[in-house]
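Asks: One structure, pasted below without further comment.
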Amino acid sequence: MTDKFIPDLPALYNQTSLTAEMLNQRYQNIVEAFNRLPAPATVGSYGFSEPLTVGEPTDHSHAVTKYWAETALSSSVQQANAAQAVASSAASAAGLYRDEAQQYAAAAAQSAADSDVVVTVTAAMESHVGEADPHTQYEKKSALGTAAYTESTAYATAAQGSKADTAIQPGGNNSALNNDSGFIRSDQAPVQSVDGQTGPVDLSASYEKKRKNNLTATTNPAATDDSSAGYEPLSRWINTATGEIWLCVSAASGAANWQQASLTLDELGSAAVADIGTGAGQVPVTGDYDPAGSAATAQAYAIQRENHTGTQPLSTISDVGTAAAADVGDFEARLAAIAAEKAVTAVDVFIYDTARMDTDGGAWRVNGELPSVSIISAEISTLTIYSADDPVIPIFATHDSTGYTITSIAAKNGKIVVGTTTGVIVLDYAAGDTAVAVDYSTSTTPAIVNNAVNDVAMTILPNAPVDPATGLQIPTIAVATDGGVSVIKDDGGVVDITYTAFVNNKSNHIAFTDQGGLGWFTRDGTVYYIEYSQIPESDTTSLPDTILLHRQTSIPSGLRVLPKANGEGFVSVGTLRALAGDPAGWSSEPDRSGLHLVDLYSASSTDNGRNLSIALVSSDFNTGWMHGDIKGAWLADTTAETISEPATVADRSVNANPLNVVGTLTKSPVATGSELVAYSGFSSTNYLEQPYNADLDFGTGDFYVMGWANFLNTTSLRRLIDRRVTDESSNWFTLSFNQLTPFFYTKGSTVALTTPTSGKPISPDVIHFYVGVRNSSGVYLYVDGELWTSASGSPEDVSSAGATLVLGTDNTAAHSLPHPSWMSLWRIGAGAPTADQIKAIYESEKVLFQDNAACTLYGSSDAVTALSHDPVTDLLHVGTSAGRSVFQGLRRVDNTTDPVGAAISAVNNLTVED
């Protein structure tokens with residue numbers, strides 16, 4: 001079969017006996033034959049000399065439609081011309097019969113594949129029946145030929161326009177010409193009309209010109225890959241060996257200009273862990289290079305995709321090396337490291353995930369104003385935005401901030417806020433205003449309280465107004481300065497908060513709380529954490545709702561939080577605050593370094609501190625939650641060993657009152673592979689004790705005892721904790737077991753107040769969490785976060801001068817009621833935790849007693865350098881010189897091993913660290 005589908009007129013002329021119905025049937029047979037053809041492997045199979053340009057649809061249906069529409073147009077015009085020529089020659093042959101002209105016209109009409117044309121032409125012919133004069137026959141036949149031409153041209157126009165939907169294609173593959181998905185149309189070359197034309201119309205001008213590309217090269221393009229080789233501007237070249245993409249800018253003969261359009265890891269530097277260190281060929285890390293600073297010595301930061309499988313992520317980056325990138329966990333993408341050929345580290349880093357941080361889910365980025373996920377890195381005088389949408393992490397934009405000293409960054413709803421030592425810069429990408437200039441200072445209207453900005457934060461408050469220029473809600477911006485805090489409100493006003501904590505009101509590390517409040521560090525030297533539960537409506541110097549300071553001198557001294565001297569940041573999530581502890585301690589207090597987790601429970605902590613709980617996490621212990629006015633926290637260690645008299649067991653609370661070891665005890669993991677250890681081996685000669693400690697004289701006040709224990713089946717009375725004068729039967733308290741029934745017992749001088757001592761047994765040889773509480777209404781015993789038993793009554797004085805605290809047995813001369821199993825994480829404090837607080841503590845701590853549970857900062861360093869909370873995964877990232885520890889509550893679920901500098905940002909498992 002030939003590649004024609006229009007019947008051949010000369011052949012039809014020789015078959016004068018064919019009727020219109022026969023011609024129509026022959027045409028239909030041809031169409032059906034073409035429809036049975038298989039779809040072409042390439043468009044070139046149907047008339048195109050080479051494949052379409054990149055970006056056109058892979059099914060080629062649009063292109064095939066275009067081809068057949070062009071063919072229909074061209075063939076129709078040609079056949080019409082033939083019909084007119086034949087009709088003209090017939091005029092000179094008077095002997096030709098009228099039915100011959102009818103045959104020609106019918107054939108032309110049939111070639112146009114439109115039955116309506118046959119009817120029209122036939123009607124025209126019938127109107128001239130009976131003309132016998134040859135001259136008249138000439139005129140009529142000529143008119144018939146012209147009519148055939150006109151109708152054929154009309155069909156071609158229809159094929160190009162309204163009838164394009166039914167343009168014939170091989171395999172029945174029909175597609176409307178107006179379906180331009182995937183094509184680049186030229187507005188300067190619209191489709192031409194064929195009305196009144198006598199020749200075919202070229203539709204190719206409506207489509208982007210085909211260019212030669214080399215998509216399978218194994219080398220880079222050269223100057224000789226020019227126009228003589230078929231290349232032209234916008235031709236593409238891919239080096240499959242390196243993954244590099246090149247674009248032709250000029251194809252001048254012998255001087256072709258190809259520009260690289262992508263960056264590989266080779267251009268971005270090395271991400272190999274092996275390249276970090278002090279050995280030959282290795283790049284030094286912080287502390288290993290010339291302290292005076294050398295321009296040739298690079299210090300860098302890493303971008304990491306986090307997982308929780310223990311796979312090592314990318315490390316600190318050098319400016320030279322192998323450009324190796326490690327697979328990170330289960331994530332498909334490989335995140336490249338960004339080389340930083342600088343002698344300083346970034347001052348701040350920020351992950352801006354528009355889908356999660358912006359109120360419209362990032363929909364404002366219709367024209368790609370910013371990547372969906374940006375990694376923003378701030379150096380002293382440069383702000384660099386990287387695109388995390390691309391696994392290579394290319395640079396998206398750079399803002400030269402020469403003349404400004406950058407200190408901090410934040411972003412939300414299309415705005416990037418930059419803190420500097422001379423004011424606040426706002427880069428408004430949503431509005432298209434990204435000029436680097438101070439927008440808020442002491443000289444602007446409105447003004448901020450001080451130009452020396454140390455930190456910035458952003459939030460979108462409920463019912464925030466919408467910016468008419470962007471359609472986005474207007475953020476509220478908090479600015480921590482050397483002279484206090486300024487809040488740039490969404491209505492355009494500014495509120496200054498200048499509360500002075502003893503010496504000054506210098507502020508740093510500011511953040512909005514989930515409850516609509518605002519918290520930050522204040523003071524030079526010994527830093528206080530202060531928090532307002534709501535943003536003030538006007539300028540204020542008023543006392544904050546929450547103050548966490550070095551000694552909590554205005555409230556009972558037991559609950560003390562010691563932020564670092566310079567405040568390495570904090571995290572605010574719900575009622576939880578995470579802070580870095582101060583290794584210097586205070587006065588005679590112990591080292592307070594490590595991670596401090598504070599649960600405020602309520603808006604205020606100034607009501608004697610009993611609404612709070614605190615957990616301390618270091619590289620070798622985890623206290624669990626110490627509630628209220630804590631008096632002692634013991635058995636919180638992570639070292640498995642045997643300890644003997646005269647060893648002591650540290651008190652991890654602020655009080656630092658240890659327990660003395662009597663005899664020998666064993667410390668072993670609470671579960672297979674866990675870090676936390678339990679103390680066991682108790683007997684009449686092996687136990688723990690603390691001499692008289694006036695902090696445990698609770699009088700008639702509220703107090704609690706809590707901890708974890710495994711208890712074996714026994715038929716006799718056993719003691720976990722016993723505090724009294726030896727062998728005395730008054731002014732004491734104990735948490736004990738009578739067979740398998742736990743009970744909490746208190747007694748003053750005469751009357752005992754105790755929970756039931758029988759009838760409510762626990763399951764033996766199972767780990768349980770026990771809390772004994774006494775308050776003004778009675779005594780309560782909780783097991784695993786649930787109220788187990790209770791008794792009502794008025795409390796009596798349990799204070800007793802000379803009383804000894806004993807753990808693991810009773811405080812009698814015989815010590816005859818030893819605990820038969822193990823104990824871990826025991827605490828005593830003033831105040832009475834609520835049932836909800838007890839339940840929360842149980843749920844938070846129980847994970848530490850599971851197999852393979854880690855609970856400390858990774859490595860041996862307790863100096864926390866940076867903190868970040870991932871709002872998507874709810875994971876807390878804690879940096880030290882030993883690496884980054886990742887916590888889910890009190891449990892560490894992952895870690896890295898590369899030192900962390902002054903900043904971390906984490907969103908949706910993507911982590912950036914300085």
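Chain labels follow the order of the structure tokens: the first chain is A, the next B, and so on; residue numbering restarts at 1 in every chain, and ligands are counted from 1 in their shown order.
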Can you check which residues of stretch 642-887 of chain A DSSP gives as helix (DSSP H, G or I) on the backbone and send them as a list of chain:residue names?

Replies: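 Checking each residue of stretch 642-887 of chain A, the helix (DSSP H, G or I) ones are A:Ala694, A:Asp695, A:Leu696, A:Ala835, A:Asp836, A:Gln837, A:Ile838, A:Lys839, A:Ala840, A:Ile841, A:Tyr842, A:Glu843, A:Ser844, A:Glu845, A:Lys846, A:Val847, A:Leu848, A:Phe849.
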
Asks: If you keep all heavy atoms, can you produce a file of those selected residues as a compact mmCIF listing (two decimals), in the first residue's frame?

Replies:
# COMPACT_ATOMS: atom_id res chain seq x y z
N ALA A 694 17.99 17.89 105.92
CA ALA A 694 16.83 18.70 106.33
C ALA A 694 15.89 18.98 105.17
O ALA A 694 14.71 19.28 105.39
CB ALA A 694 17.32 20.01 106.95
N ASP A 695 16.38 18.88 103.90
CA ASP A 695 15.50 19.11 102.75
C ASP A 695 14.35 18.11 102.70
O ASP A 695 13.32 18.36 102.07
CB ASP A 695 16.29 19.01 101.45
CG ASP A 695 17.18 20.22 101.21
OD1 ASP A 695 16.99 21.24 101.89
OD2 ASP A 695 18.07 20.14 100.34
N LEU A 696 14.53 16.97 103.38
CA LEU A 696 13.49 15.93 103.36
C LEU A 696 12.53 16.04 104.54
O LEU A 696 11.65 15.18 104.70
CB LEU A 696 14.13 14.55 103.32
CG LEU A 696 15.10 14.30 102.15
CD1 LEU A 696 15.61 12.86 102.19
CD2 LEU A 696 14.44 14.60 100.82
N ALA A 835 -2.58 14.13 88.75
CA ALA A 835 -2.74 12.84 88.08
C ALA A 835 -2.30 12.94 86.61
O ALA A 835 -1.67 12.02 86.07
CB ALA A 835 -4.18 12.37 88.18
N ASP A 836 -2.63 14.04 85.95
CA ASP A 836 -2.24 14.22 84.55
C ASP A 836 -0.72 14.31 84.40
O ASP A 836 -0.15 13.77 83.46
CB ASP A 836 -2.90 15.47 83.98
CG ASP A 836 -4.39 15.30 83.75
OD1 ASP A 836 -4.85 14.14 83.74
OD2 ASP A 836 -5.08 16.33 83.62
N GLN A 837 -0.09 15.00 85.33
CA GLN A 837 1.36 15.12 85.27
C GLN A 837 2.03 13.77 85.50
O GLN A 837 3.00 13.42 84.83
CB GLN A 837 1.83 16.14 86.30
CG GLN A 837 1.44 17.56 85.94
CD GLN A 837 1.68 18.55 87.08
OE1 GLN A 837 1.82 18.14 88.24
NE2 GLN A 837 1.69 19.83 86.76
N ILE A 838 1.51 13.00 86.43
CA ILE A 838 2.06 11.67 86.69
C ILE A 838 1.92 10.77 85.47
O ILE A 838 2.83 10.04 85.09
CB ILE A 838 1.38 11.05 87.93
CG1 ILE A 838 1.78 11.83 89.19
CG2 ILE A 838 1.73 9.57 88.06
CD1 ILE A 838 0.98 11.45 90.42
N LYS A 839 0.76 10.85 84.82
CA LYS A 839 0.54 10.06 83.61
C LYS A 839 1.51 10.48 82.51
O LYS A 839 2.08 9.62 81.81
CB LYS A 839 -0.90 10.25 83.14
CG LYS A 839 -1.26 9.49 81.87
CD LYS A 839 -1.28 8.00 82.09
CE LYS A 839 -1.82 7.26 80.88
NZ LYS A 839 -1.79 5.79 81.07
N ALA A 840 1.71 11.77 82.37
CA ALA A 840 2.63 12.27 81.33
C ALA A 840 4.06 11.82 81.61
O ALA A 840 4.79 11.45 80.68
CB ALA A 840 2.54 13.78 81.25
N ILE A 841 4.47 11.85 82.86
CA ILE A 841 5.83 11.42 83.21
C ILE A 841 6.01 9.94 82.91
O ILE A 841 7.04 9.51 82.36
CB ILE A 841 6.12 11.73 84.70
CG1 ILE A 841 6.20 13.24 84.92
CG2 ILE A 841 7.42 11.06 85.15
CD1 ILE A 841 6.29 13.65 86.37
N TYR A 842 5.02 9.14 83.25
CA TYR A 842 5.09 7.70 82.97
C TYR A 842 5.23 7.45 81.47
O TYR A 842 6.10 6.67 81.03
CB TYR A 842 3.85 7.00 83.51
CG TYR A 842 3.65 5.61 82.95
CD1 TYR A 842 4.49 4.56 83.33
CD2 TYR A 842 2.64 5.35 82.02
CE1 TYR A 842 4.32 3.29 82.79
CE2 TYR A 842 2.47 4.08 81.49
CZ TYR A 842 3.30 3.06 81.88
OH TYR A 842 3.14 1.80 81.35
N GLU A 843 4.39 8.08 80.67
CA GLU A 843 4.43 7.87 79.23
C GLU A 843 5.76 8.31 78.64
O GLU A 843 6.28 7.69 77.70
CB GLU A 843 3.28 8.61 78.55
CG GLU A 843 1.89 8.10 78.91
CD GLU A 843 1.61 6.70 78.38
OE1 GLU A 843 2.34 6.25 77.46
OE2 GLU A 843 0.68 6.05 78.88
N SER A 844 6.34 9.38 79.17
CA SER A 844 7.60 9.90 78.66
C SER A 844 8.78 9.00 79.03
O SER A 844 9.70 8.82 78.23
CB SER A 844 7.83 11.32 79.18
OG SER A 844 9.04 11.84 78.70
N GLU A 845 8.76 8.44 80.24
CA GLU A 845 9.91 7.68 80.73
C GLU A 845 9.89 6.20 80.37
O GLU A 845 10.94 5.56 80.34
CB GLU A 845 10.00 7.82 82.25
CG GLU A 845 10.34 9.21 82.71
CD GLU A 845 10.44 9.33 84.22
OE1 GLU A 845 10.29 8.31 84.92
OE2 GLU A 845 10.68 10.45 84.70
N LYS A 846 8.75 5.64 80.10
CA LYS A 846 8.68 4.19 79.91
C LYS A 846 9.50 3.71 78.72
O LYS A 846 9.95 2.56 78.69
CB LYS A 846 7.22 3.74 79.76
CG LYS A 846 6.54 4.17 78.48
CD LYS A 846 5.09 3.67 78.42
CE LYS A 846 4.41 4.04 77.11
NZ LYS A 846 3.01 3.55 77.08
N VAL A 847 9.72 4.59 77.73
CA VAL A 847 10.51 4.19 76.56
C VAL A 847 11.96 3.94 76.92
O VAL A 847 12.68 3.25 76.19
CB VAL A 847 10.42 5.25 75.45
CG1 VAL A 847 9.00 5.40 74.95
CG2 VAL A 847 10.95 6.60 75.93
N LEU A 848 12.43 4.48 78.05
CA LEU A 848 13.82 4.28 78.46
C LEU A 848 14.07 2.87 78.96
O LEU A 848 15.22 2.45 79.11
CB LEU A 848 14.20 5.29 79.55
CG LEU A 848 13.99 6.77 79.22
CD1 LEU A 848 14.51 7.63 80.36
CD2 LEU A 848 14.65 7.13 77.91
N PHE A 849 12.98 2.13 79.22
CA PHE A 849 13.09 0.77 79.75
C PHE A 849 12.82 -0.27 78.66
O PHE A 849 12.53 -1.43 78.97
CB PHE A 849 12.13 0.61 80.94
CG PHE A 849 12.49 1.49 82.09
CD1 PHE A 849 12.05 2.80 82.15
CD2 PHE A 849 13.31 1.03 83.11
CE1 PHE A 849 12.41 3.63 83.21
CE2 PHE A 849 13.68 1.84 84.17
CZ PHE A 849 13.22 3.15 84.22

Asks: When you draw a straight line from atom CA of A:Asp353 to atom CA of A:Gly414, how long is it in Å?

Replies: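 Atom-to-atom, atom CA of A:Asp353 and atom CA of A:Gly414 are spaced 10.6 Å apart.
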
Asks: According to DSSP computed on the backbone, where in stretch 360-401 of chain A is there strand (DSSP E)? Give the residues as a list in words.

Replies: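 Listing strand (DSSP E) positions across stretch 360-401 of chain A yields Val373, Ser374, Ile375, Ile376, Ser377, Ala378, Thr382, Leu383, Thr384, Ile385, Tyr386, Ser387, Ile395, Phe396, Ala397, Thr398, His399 and Asp400 of chain A.
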
Asks: I'd like the contact shell of A:Asp784 - 7 Å cut-off, only C-alpha atoms, skipping same-chain residues fewer than 3 positions apart - returned as a ChimeraX atom specification.

Replies: /A:768-770,842
